[in-house]
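S.K.: So that we are looking at the same thing, I have put the structure below in structure tokens.
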There are 2 protein chains.
Amino acid sequence: MITGKNIIGNSLSAKGSKSYKTFNPIKNEENPQEFWEASSEEIDRAVELASSAFEEYRNASGKDKAEFLRAITKEISALGDDLVQMYCMESGLPQGRAEGERGRTINQLLAFADLVEEGSWVEASIDTAIPDRTPLPKSDIRKMNIPLGPVVVFGSSNFPFAFSTAGGDTASALAAGCPVIVKAHPMHSGTSEMVASAIIKAANKAGMPEGVFSNLNSSGIEVGQLLVSHPKIKAVGFTGSIKGGRALFDLAAKREEPIPVFAEMGSINPVVILPSALKEKSDEWATQYAGSINLGVGQFCTNPGLILGIESNELSDFTQKLGSQLTSLDQGSMLHPNIHSSYQKGSDQISDQDEVLVVAENDGDSKPNFADQKLVSVKGSSFLKNKNLHREIFGPFSMIVQCKDESELLDIIKNLEGQLTGTVLGSDKEVKDYSSIIDALQNRVGRIIFNGVPTGVEVCPSMMHGGPYPASSDSRYTAVGTHAIARWVRPFAYQDWPNESLPPELQDGNPLGIERLVNGKASRK
Amino acid sequence: MITGKNIIGNSLSAKGSKSYKTFNPIKNEENPQEFWEASSEEIDRAVELASSAFEEYRNASGKDKAEFLRAITKEISALGDDLVQMYCMESGLPQGRAEGERGRTINQLLAFADLVEEGSWVEASIDTAIPDRTPLPKSDIRKMNIPLGPVVVFGSSNFPFAFSTAGGDTASALAAGCPVIVKAHPMHSGTSEMVASAIIKAANKAGMPEGVFSNLNSSGIEVGQLLVSHPKIKAVGFTGSIKGGRALFDLAAKREEPIPVFAEMGSINPVVILPSALKEKSDEWATQYAGSINLGVGQFCTNPGLILGIESNELSDFTQKLGSQLTSLDQGSMLHPNIHSSYQKGSDQISDQDEVLVVAENDGDSKPNFADQKLVSVKGSSFLKNKNLHREIFGPFSMIVQCKDESELLDIIKNLEGQLTGTVLGSDKEVKDYSSIIDALQNRVGRIIFNGVPTGVEVCPSMMHGGPYPASSDSRYTAVGTHAIARWVRPFAYQDWPNESLPPELQDGNPLGIERLVNGKASRK
């Protein structure tokens with residue numbers, strides 16, 4: 001079913017000399033298939049194909065792109081259980097998760113298909129001419145978003161479907177009119193090859209130019225570096241560690257022509273638990289947060305890794321409850337032995353520090369690659385002083401910070417790094433009473449949640465998944481939701497252009513019937 | 001009237017040890033006032049004030065910000081002729097230009113006042129909850145744009161009003177809710193001080209927090225470097241050279257927290273003149289282009305520095321006509337002796353090359369700092385080979401490239417660096433006949449113009465002033481027009497937030513009556 005080769009346009013290719021294998025963390029053994037790393041020649045070929053595909057694909061209509069995206073969903077579905085089994089074999093994640101994530105991935109593709117078929121996403125804006133204006137006549141100016149060019153997408157470790165080969169970055173870039181080259185994640189290259197073959201089938205059925213999509217294998221950093229440095233690549237999507245994302249950002253910034261890197265990186269997702277929540281809903285939140293911390297074996301970027309409260313008996317009670325709830329949940333396999341050992345090392349480093357108290361942890365007597373849940377607690381003053389306590393521990397780990405008072409809580413929030421999310425648990429009245437805390441939290445995050453958990457990122461137009469650095473490399477863009485398409489486009493203006501040669505989005509008659517800004521007023525006319 | 005001091009919040013300050021003077025290029029002598037460069041302590045003070053002002057200013061209502069922006073226009077107008085005289089004394093530009101640019105600056109401020117008072121610019125998007133959705137309930141998610149934080153604006157040399165102290169960058173950043181620190185351009189620091197004092201007066205009258213605006217002097221690069229490196233600065237606006245813009249971009253990218261730099265840099269603004277234009281409108285275009293090349297003594301970023309045509313007798317005739325028209329126009333003073341000598345040096349370097357033919361130039365027998373217009377001509381093959389011919393000569397200079405055929409013209413366009421604008425002169429039919437040329441041009445520019453000149457950038461919602469690197473550091477944003485506000489904001493999402501604690505833009509009743517996306521549909525309800 002899989003070949004281990006790179007998929008470059010319509011061809012399979014294995015010209016490199018290095019190979020690697022993926023790993024089954026449940027069986028604790030390598031999977032059999034060998035994957036061939038892309039050579040520099042293969043990288044060049046993929047980029048050249050993408051670049052020439054762009055000349056045609058950038059002018060594809062919304063309808064044609066929608067057809068392509070929908071065809072991808074059909075080909076992914078057609079892979080059936082084989083794909084689910086490959087996913088599980090390469091990630092250790094359970095079948096239910098694989099099926100759920102496949103559904104999410106398909107829904108994302110369909111959402112972008114609907115978006116570009118409808119067409120208003122281009123943000124068309126028209127200012128008509130005023131030939132008799134004095135002292136100077138006014139020209140006719142019309143603007144819309146156009147695609148940037150070939151995009152490189154780095155598959156993530158923790159979402160083999162939804163943030164990898166045909167995931168949100170790829171779906172939004174293809175929707176925008178950008179060809180995509182995926183650098184498959186080395187932990188699930190077989191899953192990537194299967195999904196990539198589905199995309200290629202769909203591209204051919206939908207009549208898309210060769211090179212609109214390619215999938216390259218790599219177990220190290222060289223392939224990614226060559227891709228990001230290639231002059232014909234115009235933007236990059238990445239989901240992963242701060243170290244990895246920052247390295248790509250730096251590389252892209254140093255190019256002769258710098259290009260944007262949309263890296264969605266680490267986050268500890270602070271949760272502020274206010275007195276009323278501790279008094280009235282302590283049990284409920286302990287149960288919900290235990291589940292949220294352990295969801296996906298804690299391998300979500302919105303995992304709540306930091307819970308901030310003000311010292312009280314109620315906070316101590318909550319801490320104990322959360323600890324026992326968390327450690328009573330089933331343990332799960334992490335994605336890879338390397339991720340498991342990083343988790344163990346990171347969580348040990350935190351709890352080894354003198355000022356950190358371990359509230360609860362599993363006994364470590366688990367299967368290979370299975371993670372022990374852990375909850376620790378620390379005083380606000382210690383947390384403020386020790387920046388090592390601020391970093392993300394990727395796994396089912398969380399830390400409760402016991403703040404002396406509201407002012408210390410405020411200080412802590414002001415000193416946090418940028419975060420994807422911030423959560424407030426409390427009453428409507430407390431949202432007003434603690435407005436300075438909430439203002440400060442808003443300044444550090446991309447999304448703020450009231451009385452909920454940060455895990456579970458809804459795919460909808462209003463979603464913001466991104467935040468101040470280092471949560472993401474560019475807080476001005478979301479990686480989830482239909483607005484993620486904005487990452488791959490630039491506005492382009494036509495001045496006094498002949499109407500019949502304008503793209504339909506900007507023509508006088510509004511043949512597509514899209515929402516436009518006409519002389520400053522929203523209109524579908 | 002002016003003091004030469006830095007304006008830091010409400011205080012005048014001159015704690016530095018270095019000073020400099022501006023220059024009157026018409027009189028060819030230094031102006032009397034001494035300006036005190038900001039010290040590192042003064043820079044810190046300005047940033048700290050901006051940062052604490054942000055805590056309040058970011059929550060200012062659209063109405064309050066509009067009042068502030070309108071108050072600025074009143075205070076600028078109140079400076080009357082004194083301001084115009086200062087402008088002329090520091091730039092050598094004529095009074096008419098000063099008055100026109102002041103009008104443009106005021107109109108920009110008023111346009112942003114209207115924009116934020118109306119309020120729809122925040123791109124509010126609401127997805128309401130579906131509590132009974134299966135398998136999981138859907139949360140209520142609401143998103144809008146919020147300001148990034150304190151912004152540094154570098155005054156430009158060539159627009160002492162419209163792209164300097166109270167220019168487009170400042171107006172859009174203040175409108176977005178970001179405090180602004182201006183680094184005054186050393187060539188017109190007196191103009192900057194006067195305008196800055198108007199902004200401070202307006203801030204106080206409108207009840208804005210101290211630190212919402214500061215104006216710092218500097219004749220070197222250190223002040224700018226310290227500002228861009230300061231951790232509390234969150235974005236940068238710049239208009240100037242590629243070298244200067246890239247240096248700031250690199251500095252900002254290297255920060256622990258990288259920040260966006262919106263640098264509007266060089267451009268040669270290619271013009272493609274097609275056969276019908278040469279046959280039917282040769283005289284008209286020669287006149288219009290002579291005026292456009294010489295407009296503002298060629299010191300506009302949209303100056304047409306490159307005219308591309310296919311070899312023919314008609315192109316030769318046009319070349320001669322344009323040359324004689326251009327050199328028959330009045331010469332003007334450039335902004336500064338340094339700019340004048342750069343122009344002379346750059347234009348000499350081009351015409352000294354063997355393959356370059358000088359079509360027409362003034363005789364050089366002009367007043368000090370006055371620029372000689374020059375038109376040169378070169379073969380397409382030479383232009384393709386010699387990248388030195390691709391760079392911008394800032395001044396009343398242009399180059400005609402005689403291409404062998406359509407294919408060479410296409411090659412040249414594909415090999416151009418990114419540009420602010422591209423222009424096509426021809427017939428409606430030619431726009432279709434030369435579609436591959438126009439497609440290629442679109443890929444290199446931010447705005448494409450039909451049968452016009454690139455100079456004269458309309459301030460309107462549909463304007464795009466920016467383009468692929470190095471025309472600007474970020475092709476995804478415009479520096480002119482109301483959409484320039486998008487540079488200073490990030491989207492922010494509220495999940496299940498209590499309605500009465502949401503900003504009015506996102507509240508259920510839509511109290512501001514703004515355009516919003518509600519469950520994916522545009523609505524003012």
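Going through the structure tokens in order, the chains are called A, B, and so on, while each chain numbers its residues from 1 and the ligands are numbered from 1 in the order shown.
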Near range 447-462 of chain A, within 6 Å and counting only C-alpha atoms, which residues show up once chain neighbours fewer than 6 positions away are dropped, as an NGL selection string?
M.R.: (:A and (302-303 or 421-425 or 481-483)) or (:B and (125-126 or 141-143 or 492-497))
S.K.: Could you pull out the residues in range 283-523 of chain B that DSSP calls strand (DSSP E) from the backbone, as an NGL selection string?
M.R.: :B and (306-310 or 357-361 or 374-379 or 397-403 or 419-425 or 445-450 or 489-495 or 516-518 or 521-523)
S.K.: Please, which residues of range 293-472 of chain A, numbered as in this document, come out helix (DSSP H, G or I) from DSSP, as a PyMOL selection string?
M.R.: chain A and resi 293-298+313-328+337-351+380-385+387-390+406-414+428-433+435-442
S.K.: With only C-alpha atoms as the atoms that count, which of B:Pro498, B:Gly364, B:Gly190, B:Gly211 lies nearest to chain A?
M.R.: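 When distances to chain A are compared using only C-alpha atoms, the smallest one comes from B:Pro498.
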S.K.: In Å, rounded to a single decimal, give me how far CA of Lys74 in chain B is from CA of Ser172 in chain B.
M.R.: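 Value for the CA of Ser172 in chain B-CA of Lys74 in chain B distance: 17.5 Å.
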S.K.: Using only C-alpha atoms, pick whichever of B:Ile2, B:Ile146, B:Ala113, B:Leu384 has the shortest atom-to-atom distance to chain A.
M.R.: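 Ranking B:Ile2, B:Ile146, B:Ala113, B:Leu384 by distance to chain A, first place goes to B:Ile146.
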S.K.: Quick one: everything within 7 Å of range 83-96 of chain B, counting only C-alpha atoms, minus sequence neighbours fewer than 3 positions away in the same chain. Send it as a compact mmCIF listing (two decimals) with C-alpha atoms, in the first residue's frame.
M.R.:
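Here's the written file result.txt:
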# COMPACT_ATOMS: atom_id res chain seq x y z
CA THR B 22 18.51 70.64 9.34
CA PHE B 23 19.40 72.11 5.95
CA ASN B 24 17.73 74.49 3.55
CA PRO B 25 18.55 73.11 0.09
CA ILE B 26 17.26 76.19 -1.73
CA LEU B 79 -0.15 76.10 12.93
CA GLY B 80 -1.00 77.81 9.64
CA GLU B 99 -0.08 72.88 1.27
CA GLY B 100 -1.23 69.97 -0.86
CA MET B 187 16.15 66.34 7.40
CA HIS B 188 12.96 67.91 8.74
CA GLY B 190 11.64 71.18 12.91
CA THR B 191 8.59 70.24 10.88
CA MET B 194 5.78 71.40 15.15
CA SER B 333 15.59 71.37 -5.70
CA MET B 334 16.04 67.97 -4.17
CA LEU B 335 15.35 67.44 -0.46
CA HIS B 336 18.93 67.61 0.76
S.K.: Which residues, written as a list of chain:residue names, have at least one atom at most 10 Å from Ala124 in chain A, with only C-alpha atoms counted and residues fewer than 2 positions away on the same chain left out?
M.R.: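 Near Ala124 in chain A, the qualifying residues are A:Gly119, A:Ser120, A:Trp121, A:Val122, A:Ile126, A:Arg142, A:Lys143, A:Met144, A:Asn145, A:Pro491, A:Phe492, A:Ala493, A:Glu505, A:Leu506, A:Ile514, A:Glu515, A:Arg516, A:Leu517, A:Val518, A:Ala522, B:Ser462.
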S.K.: Atoms to include: N, CA and C atoms. Write the selected residues as a PDB file, in the first residue's frame.
M.R.:
ATOM      1  N   GLY A 119     -16.841  32.622  -2.337  1.00  0.00           N
ATOM      2  CA  GLY A 119     -15.991  33.626  -2.981  1.00  0.00           C
ATOM      3  C   GLY A 119     -15.744  34.936  -2.252  1.00  0.00           C
ATOM      4  N   SER A 120     -16.560  35.277  -1.248  1.00  0.00           N
ATOM      5  CA  SER A 120     -16.385  36.583  -0.598  1.00  0.00           C
ATOM      6  C   SER A 120     -15.082  36.701   0.176  1.00  0.00           C
ATOM      7  N   TRP A 121     -14.423  35.575   0.434  1.00  0.00           N
ATOM      8  CA  TRP A 121     -13.182  35.576   1.222  1.00  0.00           C
ATOM      9  C   TRP A 121     -12.093  36.459   0.597  1.00  0.00           C
ATOM     10  N   VAL A 122     -12.172  36.771  -0.682  1.00  0.00           N
ATOM     11  CA  VAL A 122     -11.112  37.572  -1.324  1.00  0.00           C
ATOM     12  C   VAL A 122     -11.135  39.035  -0.882  1.00  0.00           C
ATOM     13  N   ILE A 126     -14.046  47.947  -3.994  1.00  0.00           N
ATOM     14  CA  ILE A 126     -14.134  48.718  -5.242  1.00  0.00           C
ATOM     15  C   ILE A 126     -14.371  50.184  -4.915  1.00  0.00           C
ATOM     16  N   ARG A 142      -9.664  48.917  -7.631  1.00  0.00           N
ATOM     17  CA  ARG A 142     -10.346  47.692  -7.166  1.00  0.00           C
ATOM     18  C   ARG A 142      -9.306  46.728  -6.612  1.00  0.00           C
ATOM     19  N   LYS A 143      -9.607  46.175  -5.480  1.00  0.00           N
ATOM     20  CA  LYS A 143      -8.618  45.360  -4.767  1.00  0.00           C
ATOM     21  C   LYS A 143      -9.209  44.013  -4.372  1.00  0.00           C
ATOM     22  N   MET A 144      -8.394  42.981  -4.405  1.00  0.00           N
ATOM     23  CA  MET A 144      -8.806  41.677  -3.859  1.00  0.00           C
ATOM     24  C   MET A 144      -7.555  40.906  -3.440  1.00  0.00           C
ATOM     25  N   ASN A 145      -7.765  39.839  -2.682  1.00  0.00           N
ATOM     26  CA  ASN A 145      -6.647  39.003  -2.259  1.00  0.00           C
ATOM     27  C   ASN A 145      -6.251  38.028  -3.355  1.00  0.00           C
ATOM     28  N   PRO A 491      -3.030  41.453  -0.736  1.00  0.00           N
ATOM     29  CA  PRO A 491      -3.993  42.266  -1.480  1.00  0.00           C
ATOM     30  C   PRO A 491      -3.351  42.772  -2.768  1.00  0.00           C
ATOM     31  N   PHE A 492      -4.154  42.893  -3.800  1.00  0.00           N
ATOM     32  CA  PHE A 492      -3.667  43.345  -5.103  1.00  0.00           C
ATOM     33  C   PHE A 492      -4.682  44.314  -5.680  1.00  0.00           C
ATOM     34  N   ALA A 493      -4.205  45.462  -6.202  1.00  0.00           N
ATOM     35  CA  ALA A 493      -5.130  46.481  -6.701  1.00  0.00           C
ATOM     36  C   ALA A 493      -4.999  46.680  -8.208  1.00  0.00           C
ATOM     37  N   GLU A 505     -14.432  38.529  -9.577  1.00  0.00           N
ATOM     38  CA  GLU A 505     -14.668  39.081  -8.235  1.00  0.00           C
ATOM     39  C   GLU A 505     -14.759  40.605  -8.245  1.00  0.00           C
ATOM     40  N   LEU A 506     -14.110  41.241  -9.249  1.00  0.00           N
ATOM     41  CA  LEU A 506     -14.034  42.705  -9.253  1.00  0.00           C
ATOM     42  C   LEU A 506     -14.822  43.337 -10.398  1.00  0.00           C
ATOM     43  N   ILE A 514     -20.752  38.017  -4.781  1.00  0.00           N
ATOM     44  CA  ILE A 514     -20.053  37.984  -3.487  1.00  0.00           C
ATOM     45  C   ILE A 514     -20.235  39.290  -2.726  1.00  0.00           C
ATOM     46  N   GLU A 515     -19.948  39.188  -1.449  1.00  0.00           N
ATOM     47  CA  GLU A 515     -19.947  40.375  -0.580  1.00  0.00           C
ATOM     48  C   GLU A 515     -18.743  41.239  -0.961  1.00  0.00           C
ATOM     49  N   ARG A 516     -18.975  42.525  -1.252  1.00  0.00           N
ATOM     50  CA  ARG A 516     -17.856  43.419  -1.588  1.00  0.00           C
ATOM     51  C   ARG A 516     -18.035  44.751  -0.875  1.00  0.00           C
ATOM     52  N   LEU A 517     -16.928  45.479  -0.770  1.00  0.00           N
ATOM     53  CA  LEU A 517     -16.988  46.835  -0.248  1.00  0.00           C
ATOM     54  C   LEU A 517     -17.000  47.762  -1.462  1.00  0.00           C
ATOM     55  N   VAL A 518     -18.133  48.413  -1.718  1.00  0.00           N
ATOM     56  CA  VAL A 518     -18.231  49.270  -2.901  1.00  0.00           C
ATOM     57  C   VAL A 518     -18.341  50.714  -2.433  1.00  0.00           C
ATOM     58  N   ALA A 522     -20.605  47.909   2.354  1.00  0.00           N
ATOM     59  CA  ALA A 522     -20.738  46.478   2.078  1.00  0.00           C
ATOM     60  C   ALA A 522     -21.930  46.248   1.154  1.00  0.00           C
TER      61      ALA A 522
ATOM     62  N   SER B 462      -9.752  50.751  -1.332  1.00  0.00           N
ATOM     63  CA  SER B 462      -9.254  49.754  -2.287  1.00  0.00           C
ATOM     64  C   SER B 462      -7.786  49.933  -2.651  1.00  0.00           C
TER      65      SER B 462
END
